[in-house]
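S.K.: Dropping in final.csv, with CSV, C-alpha atoms.
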```csv
chain,number,residue,atom,x,y,z
A,23,MET,CA,-8.0,70.1,45.6
A,24,SER,CA,-6.0,71.4,48.5
A,25,SER,CA,-6.5,74.9,49.9
A,26,PHE,CA,-3.2,76.2,48.6
A,27,SER,CA,-4.3,75.5,45.1
A,28,ARG,CA,-6.3,78.7,45.4
A,29,LEU,CA,-3.0,80.5,44.8
A,30,LEU,CA,-3.3,79.4,41.2
A,31,SER,CA,-5.1,81.2,38.4
A,32,THR,CA,-5.2,80.0,34.8
A,33,ILE,CA,-4.1,82.5,32.2
A,34,SER,CA,-4.6,80.2,29.2
A,35,LYS,CA,-4.9,76.6,28.0
A,36,LYS,CA,-4.2,75.6,24.4
A,37,VAL,CA,-3.1,72.8,22.2
A,38,VAL,CA,0.3,73.5,20.5
A,39,LYS,CA,0.9,71.9,17.1
A,40,PRO,CA,4.4,71.1,15.7
A,41,PHE,CA,5.9,74.0,13.8
A,42,SER,CA,6.3,71.9,10.7
A,43,PRO,CA,4.1,68.9,9.7
A,44,THR,CA,5.6,65.5,10.2
A,45,PRO,CA,6.8,63.9,6.9
A,46,SER,CA,4.8,61.0,5.7
A,47,THR,CA,7.8,58.7,6.1
A,48,GLN,CA,7.9,59.4,9.8
A,49,LYS,CA,4.2,59.1,10.6
A,50,THR,CA,4.4,55.7,12.3
A,51,HIS,CA,6.4,55.0,15.5
A,52,LYS,CA,6.1,51.4,16.5
A,53,LEU,CA,6.6,50.8,20.3
A,54,SER,CA,9.1,48.3,21.6
A,55,LEU,CA,8.2,45.6,24.0
A,56,LEU,CA,9.5,47.6,27.0
A,57,ASP,CA,7.4,50.6,26.0
A,58,GLN,CA,4.3,48.4,25.8
A,59,CYS,CA,4.9,47.4,29.5
A,60,MET,CA,5.0,51.0,30.8
A,61,GLY,CA,1.2,51.5,31.2
A,62,ASN,CA,-0.4,54.8,32.2
A,63,PHE,CA,2.7,56.4,33.6
A,64,TYR,CA,3.8,60.0,33.0
A,65,MET,CA,7.1,61.6,33.9
A,66,PRO,CA,6.8,65.0,35.6
A,67,LEU,CA,9.8,67.4,35.4
A,68,VAL,CA,10.1,71.1,36.5
A,69,LEU,CA,12.7,73.8,36.0
A,70,PHE,CA,12.8,76.9,38.1
A,71,TYR,CA,14.1,80.3,37.0
A,72,PRO,CA,14.5,83.2,39.5
A,73,LYS,CA,13.7,86.7,38.3
A,74,HIS,CA,17.3,87.7,37.8
A,75,GLN,CA,17.8,84.9,35.3
A,76,LEU,CA,14.9,86.1,33.0
A,77,GLU,CA,15.8,88.6,30.3
A,78,GLN,CA,12.3,89.3,29.1
A,79,GLY,CA,8.9,90.1,30.6
A,80,PRO,CA,6.2,87.4,31.2
A,81,LYS,CA,4.2,88.1,28.0
A,82,GLN,CA,7.2,88.2,25.7
A,83,LEU,CA,8.8,85.2,27.3
A,84,SER,CA,5.6,83.2,27.2
A,85,LYS,CA,5.2,83.9,23.5
A,86,LEU,CA,8.8,82.9,22.9
A,87,LEU,CA,8.5,79.7,24.8
A,88,GLU,CA,5.3,78.7,23.0
A,89,ASN,CA,7.0,79.3,19.6
A,90,SER,CA,10.1,77.2,20.6
A,91,PHE,CA,7.9,74.6,22.2
A,92,SER,CA,6.1,74.2,18.8
A,93,LYS,CA,9.5,73.9,17.1
A,94,ALA,CA,10.8,71.3,19.6
A,95,LEU,CA,7.7,69.1,18.9
A,96,THR,CA,8.8,69.1,15.2
A,97,TYR,CA,12.0,67.2,16.2
A,98,HIS,CA,10.2,64.9,18.7
A,99,GLN,CA,7.3,63.6,16.6
A,100,PRO,CA,6.3,60.7,19.0
A,101,TRP,CA,5.5,63.2,21.8
A,102,ASP,CA,2.8,65.1,19.7
A,103,GLY,CA,1.1,62.1,18.2
A,104,SER,CA,-1.7,59.7,19.4
A,105,LEU,CA,-1.4,56.2,20.8
A,106,ARG,CA,-3.2,53.3,19.1
A,107,ASP,CA,-3.8,50.0,20.8
A,108,ASN,CA,-0.6,50.3,22.9
A,109,THR,CA,1.5,49.2,19.9
A,110,THR,CA,1.9,52.3,17.7
A,111,THR,CA,2.2,56.0,18.1
A,112,HIS,CA,0.7,57.8,15.1
A,113,CYS,CA,2.7,61.0,14.6
A,114,ASP,CA,-0.4,62.8,13.3
A,115,ASP,CA,0.5,66.2,14.7
A,116,THR,CA,-2.2,66.0,17.3
A,117,GLY,CA,-0.2,68.4,19.4
A,118,ALA,CA,0.6,68.9,23.1
A,119,GLU,CA,-1.2,70.8,25.8
A,120,LEU,CA,0.3,74.0,27.1
A,121,PHE,CA,-1.0,75.7,30.2
A,122,GLU,CA,0.0,79.1,31.5
A,123,VAL,CA,-0.8,80.0,35.1
A,124,GLU,CA,-0.2,82.7,37.7
A,125,VAL,CA,1.0,81.5,41.1
A,126,ASN,CA,0.3,84.1,43.8
A,127,CYS,CA,3.3,83.3,46.0
A,128,PRO,CA,7.1,83.5,45.9
A,129,ILE,CA,8.9,80.8,44.0
A,130,ASN,CA,10.6,79.5,47.2
A,131,GLN,CA,7.2,78.4,48.6
A,132,VAL,CA,6.9,75.7,45.9
A,133,VAL,CA,9.5,73.6,47.8
A,134,HIS,CA,6.8,73.1,50.5
A,135,HIS,CA,3.9,72.9,48.0
A,136,PRO,CA,4.9,71.0,44.9
A,137,ASP,CA,1.3,70.9,43.6
A,138,LEU,CA,1.7,74.5,42.7
A,139,THR,CA,3.7,73.5,39.6
A,140,PHE,CA,1.8,70.2,39.1
A,141,PRO,CA,-1.7,71.1,40.2
A,142,SER,CA,-4.3,68.3,40.3
A,143,GLY,CA,-6.9,70.4,38.5
A,144,LEU,CA,-4.8,71.1,35.3
A,145,SER,CA,-4.3,67.6,33.9
A,146,TRP,CA,-1.1,66.8,35.8
A,147,LYS,CA,-2.7,64.2,38.0
A,148,ASN,CA,-5.1,61.5,36.8
A,149,VAL,CA,-4.0,62.3,33.2
A,150,PRO,CA,-6.3,60.4,30.8
A,151,HIS,CA,-4.4,57.8,29.1
A,152,ALA,CA,-3.3,58.6,25.5
A,153,ASN,CA,-5.2,55.6,24.3
A,154,ASP,CA,-8.4,57.3,25.6
A,155,GLY,CA,-7.8,60.7,24.1
A,156,GLY,CA,-5.2,62.0,26.5
A,157,ARG,CA,-2.1,63.9,25.3
A,158,LEU,CA,1.3,62.3,25.2
A,159,SER,CA,2.9,65.5,26.5
A,160,ILE,CA,1.8,68.4,28.6
A,161,ALA,CA,3.7,71.6,29.5
A,162,GLN,CA,3.0,74.4,31.9
A,163,LEU,CA,4.4,77.9,32.3
A,164,SER,CA,4.1,79.2,35.9
A,165,HIS,CA,4.6,82.9,36.7
A,166,PHE,CA,5.3,83.7,40.4
A,167,ASP,CA,4.4,87.0,42.0
A,168,CYS,CA,8.1,87.5,42.8
A,169,GLY,CA,8.9,87.7,39.1
A,170,GLY,CA,10.3,84.1,38.9
A,171,MET,CA,9.1,81.4,36.6
A,172,ALA,CA,8.8,77.6,36.4
A,173,ILE,CA,8.6,75.4,33.3
A,174,SER,CA,6.9,72.1,34.0
A,175,VAL,CA,6.5,69.1,31.6
A,176,CYS,CA,4.6,65.9,32.0
A,177,MET,CA,5.4,63.3,29.4
A,178,SER,CA,4.2,59.8,28.6
A,179,HIS,CA,6.6,57.0,29.6
A,180,THR,CA,5.1,54.9,26.9
A,181,VAL,CA,6.8,57.0,24.2
A,182,GLY,CA,10.3,57.4,25.8
A,183,VAL,CA,12.4,57.2,29.0
A,184,ALA,CA,13.7,60.0,31.2
A,185,ARG,CA,16.6,60.4,28.8
A,186,SER,CA,14.2,61.2,26.0
A,187,ALA,CA,12.4,63.7,28.1
A,188,PHE,CA,15.6,65.5,29.1
A,189,SER,CA,16.6,65.5,25.5
A,190,PHE,CA,13.3,67.2,24.7
A,191,LEU,CA,13.9,69.9,27.4
A,192,LYS,CA,17.4,70.4,26.1
A,193,ASP,CA,16.2,71.0,22.5
A,194,TRP,CA,13.4,73.3,23.8
A,195,ASP,CA,16.1,75.3,25.6
A,196,THR,CA,18.3,75.5,22.5
A,197,LEU,CA,15.5,76.6,20.2
A,198,THR,CA,14.4,79.2,22.8
A,199,ARG,CA,17.9,80.7,23.1
A,200,GLU,CA,18.5,80.8,19.4
A,201,HIS,CA,15.1,82.2,18.4
A,202,PRO,CA,14.0,83.0,15.7
A,203,ASN,CA,16.6,81.1,13.6
A,204,GLY,CA,17.3,78.2,15.9
A,205,GLU,CA,17.6,74.8,14.3
A,206,LEU,CA,18.7,71.3,15.4
A,207,SER,CA,21.2,69.3,13.5
A,208,SER,CA,19.2,66.0,13.7
A,209,PRO,CA,16.1,64.6,15.5
A,210,SER,CA,16.4,62.6,18.7
A,211,TYR,CA,16.5,58.8,18.5
A,212,TYR,CA,13.6,56.9,20.0
A,213,VAL,CA,13.8,53.1,20.4
A,214,GLN,CA,11.3,51.2,18.3
A,215,ASP,CA,10.2,47.6,17.9
A,216,SER,CA,13.2,46.8,15.7
A,217,LEU,CA,15.4,46.7,18.8
A,218,MET,CA,12.9,44.9,21.2
A,219,PRO,CA,10.0,43.6,19.0
A,220,SER,CA,6.5,42.6,20.2
A,221,LEU,CA,5.9,39.0,21.4
A,222,PRO,CA,5.2,36.4,18.7
A,223,ASP,CA,1.6,36.1,19.7
A,224,GLY,CA,1.1,39.9,19.4
A,225,PRO,CA,1.6,43.1,21.4
A,226,LEU,CA,0.9,43.4,25.1
A,227,LYS,CA,-2.6,44.7,25.9
A,228,PHE,CA,-3.0,47.8,27.9
A,229,PRO,CA,-2.8,48.2,30.9
A,230,VAL,CA,-0.3,45.6,32.1
A,231,VAL,CA,-1.6,45.3,35.7
A,232,VAL,CA,-1.8,42.3,37.9
A,233,GLU,CA,-4.2,42.5,40.7
A,234,PRO,CA,-3.5,40.3,43.8
A,235,ASN,CA,-6.2,37.8,44.6
A,236,THR,CA,-6.0,38.5,48.3
A,237,LYS,CA,-5.0,41.5,50.5
A,238,GLU,CA,-1.9,39.6,51.6
A,239,SER,CA,0.4,38.8,48.7
A,240,VAL,CA,4.0,37.8,48.5
A,241,GLU,CA,6.3,39.7,46.1
A,242,PHE,CA,9.7,38.5,44.8
A,243,GLU,CA,12.4,40.8,43.5
A,244,LYS,CA,15.8,40.2,42.0
A,245,ARG,CA,18.5,42.7,41.5
A,246,PHE,CA,21.4,42.2,39.0
A,247,PHE,CA,24.6,44.2,39.2
A,248,PHE,CA,26.7,45.0,36.1
A,249,LEU,CA,29.9,46.0,37.8
A,250,SER,CA,32.4,45.5,35.0
A,251,LYS,CA,32.8,48.7,32.9
A,252,SER,CA,35.1,46.9,30.6
A,253,ASN,CA,32.5,44.3,29.8
A,254,ILE,CA,29.9,47.0,29.0
A,255,ARG,CA,32.5,48.8,26.8
A,256,ALA,CA,33.1,45.5,25.0
A,257,LEU,CA,29.4,45.0,24.4
A,258,LYS,CA,29.1,48.5,23.0
A,259,ALA,CA,32.1,47.8,20.7
A,260,MET,CA,30.4,44.6,19.4
A,261,ILE,CA,27.3,46.6,18.5
A,262,VAL,CA,29.2,49.4,16.8
A,263,ASP,CA,31.3,46.9,14.8
A,264,ASP,CA,28.3,45.0,13.6
A,265,PRO,CA,27.4,46.3,10.2
A,266,SER,CA,23.7,45.2,10.6
A,267,SER,CA,23.3,47.1,13.9
A,268,ILE,CA,20.6,49.7,13.9
A,269,VAL,CA,21.9,51.6,16.9
A,270,GLN,CA,25.3,53.2,16.0
A,271,ASN,CA,26.2,54.7,19.3
A,272,PRO,CA,24.3,52.7,22.1
A,273,THR,CA,24.1,54.1,25.6
A,274,THR,CA,24.9,52.0,28.7
A,275,THR,CA,21.2,51.6,29.4
A,276,GLU,CA,20.4,50.4,25.9
A,277,VAL,CA,23.3,47.8,26.1
A,278,VAL,CA,22.3,46.5,29.5
A,279,SER,CA,18.5,46.4,28.6
A,280,ALA,CA,19.3,44.5,25.4
A,281,ILE,CA,21.4,41.8,27.1
A,282,VAL,CA,18.7,41.3,29.8
A,283,TYR,CA,16.0,41.1,27.1
A,284,LYS,CA,18.0,38.5,25.2
A,285,CYS,CA,18.5,36.4,28.3
A,286,VAL,CA,14.9,36.5,29.2
```
Would you mind giving the structure from this file in structure tokens?
M.R.:
Amino acid sequence: MSSFSRLLSTISKKVVKPFSPTPSTQKTHKLSLLDQCMGNFYMPLVLFYPKHQLEQGPKQLSKLLENSFSKALTYHQPWDGSLRDNTTTHCDDTGAELFEVEVNCPINQVVHHPDLTFPSGLSWKNVPHANDGGRLSIAQLSHFDCGGMAISVCMSHTVGVARSAFSFLKDWDTLTREHPNGELSSPSYYVQDSLMPSLPDGPLKFPVVVEPNTKESVEFEKRFFFLSKSNIRALKAMIVDDPSSIVQNPTTTEVVSAIVYKCV
């Protein structure tokens, strides 16, 4: 651990459970083929708040954020479950880790020392894979000596893409601002195997890693450009008009990913 990590001191570490138990009909989340390919990869995101943007003190704000974090997990069940055999997320309310730390430096120093918000000693680096008991999502509240604050999250890419992670942050923000009566109209949508099912001979084994036989290896890469917005809009319209379609309002990423998967 680098020397500037001494600026950190841990206030608390806990496991936060969803505010409401997951219904029995939503206990199983089957991973799509693309999700099975992700491997042990986590998405780190951090939001910074200067002191003048905070309306409450550290203790009150931490309690509020912990409560709304629990409520946000209720609407994003795959993030608080456990991974089984790289094929299924069991939404068993395992919970997510929540760290709270003090950072003994001004908030602007983090620009030069990013490990202060993603410290190696607090599960951000070398996160144990969820299949080995690791959490699918981790959050950290960092209090700076200048009065500012940072909210960091680290979320498994096996469960969702960056859009899903941003959706979680947005819902967490909404539930925090509308506390204690905040509610969301509907849970977020997570792609399952109905859109991109497992291979006929079974799901991919974890991890999907190819080790080169020699130190010198040749890699090939292809890039495909989808330049016509009109064609993408037409694809979206075809999906929306199809009565058997599971996705009612597909994003551009979902449409392009689906057409590539079909061609492959």
S.K.: Excluding Lys192 of chain A and residues on its chain fewer than 2 positions from it, collect all residues at most 12 Å away from it, counting all atoms listed in the file, and give them as a list in words.
M.R.: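 Counting only the stated atoms, we get Leu69, Ser90, Phe91, Ala94, Tyr97, His98, Arg185, Ser186, Ala187, Phe188, Ser189, Phe190, Trp194, Asp195, Thr196, Leu197, Thr198, Arg199, Leu206 and Ser210 of chain A.
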S.K.: Tell me, in Å to one decimal, how far atom CA of Ala280 of chain A is from atom CA of Met218 of chain A.
M.R.: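 Interatomic distance here is 7.7 Å.
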S.K.: What does the distance from atom CA of Cys59 of chain A to atom CA of Lys258 of chain A come to in Å, to one decimal?
M.R.: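 Atom CA of Lys258 of chain A lies at a distance of 25.1 Å from atom CA of Cys59 of chain A.
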S.K.: Under the rule that all atoms listed in the file are counted, which of A:Gly169, A:Pro80, A:Pro66, A:Gly103 is the nearest residue to Pro43 of chain A?
M.R.: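 Among the listed residues, A:Gly103 lies closest to Pro43 of chain A.
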S.K.: Take the point (4.5, 69.3, 21.0) as written in the file and pick out every residue within 10 Å of it, counting all atoms listed in the file; give the list as a PyMOL selection string.
M.R.: chain A and resi 37-41+88+90-103+115-120+157-161+190
S.K.: In Å to one decimal, how far is atom CA of Ser279 of chain A from atom CA of Ala259 of chain A?
M.R.: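 Going from atom CA of Ala259 of chain A over to atom CA of Ser279 of chain A, I get 15.8 Å.
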S.K.: Go through A:Ser250, A:Gln270, A:Thr139, A:Asn126 one by one, measure the shortest atom-to-atom distance of each to Val68 of chain A using all atoms listed in the file, and give the residue with the smallest value.
M.R.: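 Closest to Val68 of chain A of all the choices is A:Thr139.
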S.K.: Write out as number ranges by chain which residues come within 8 Å of Phe63 of chain A when counting only C-alpha atoms, dropping same-chain ones fewer than 5 positions away.
M.R.: A: 178-180
S.K.: May I have the protein, DNA and RNA residues with an atom at most 9 Å from (-0.2, 55.1, 8.8), counting all atoms listed in the file in the file's coordinates, returned as an MDAnalysis selection string?
M.R.: chainID A and resid 46 49:50 112:114
S.K.: Show me, as CSV, the residues of segment 30-102 of chain A having an atom within 8 Å of segment 121-124 of chain A, each with the closest atom pair and its distance in Å, using only C-alpha atoms.
M.R.:
```
residue,atom,partner,partner_atom,distance
A:Leu30,CA,A:Glu124,CA,5.7
A:Ser31,CA,A:Glu124,CA,5.2
A:Thr32,CA,A:Val123,CA,4.4
A:Ile33,CA,A:Val123,CA,5.1
A:Ser34,CA,A:Glu122,CA,5.3
A:Lys35,CA,A:Phe121,CA,4.6
A:Lys36,CA,A:Phe121,CA,6.6
```
S.K.: With all atoms listed in the file as the basis for distance, which of A:Tyr212, A:Tyr64, A:Tyr71, A:Phe166 is at the shortest distance from Thr111 of chain A?
M.R.: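 Smallest separation from Thr111 of chain A among the options: A:Tyr212.
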S.K.: Pick out the closest residue to Val175 of chain A from this set: A:Val278, A:Val125, A:Cys285, A:Leu67. Count only C-alpha atoms.
M.R.: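 Among the listed residues, the smallest separation from Val175 of chain A belongs to A:Leu67.
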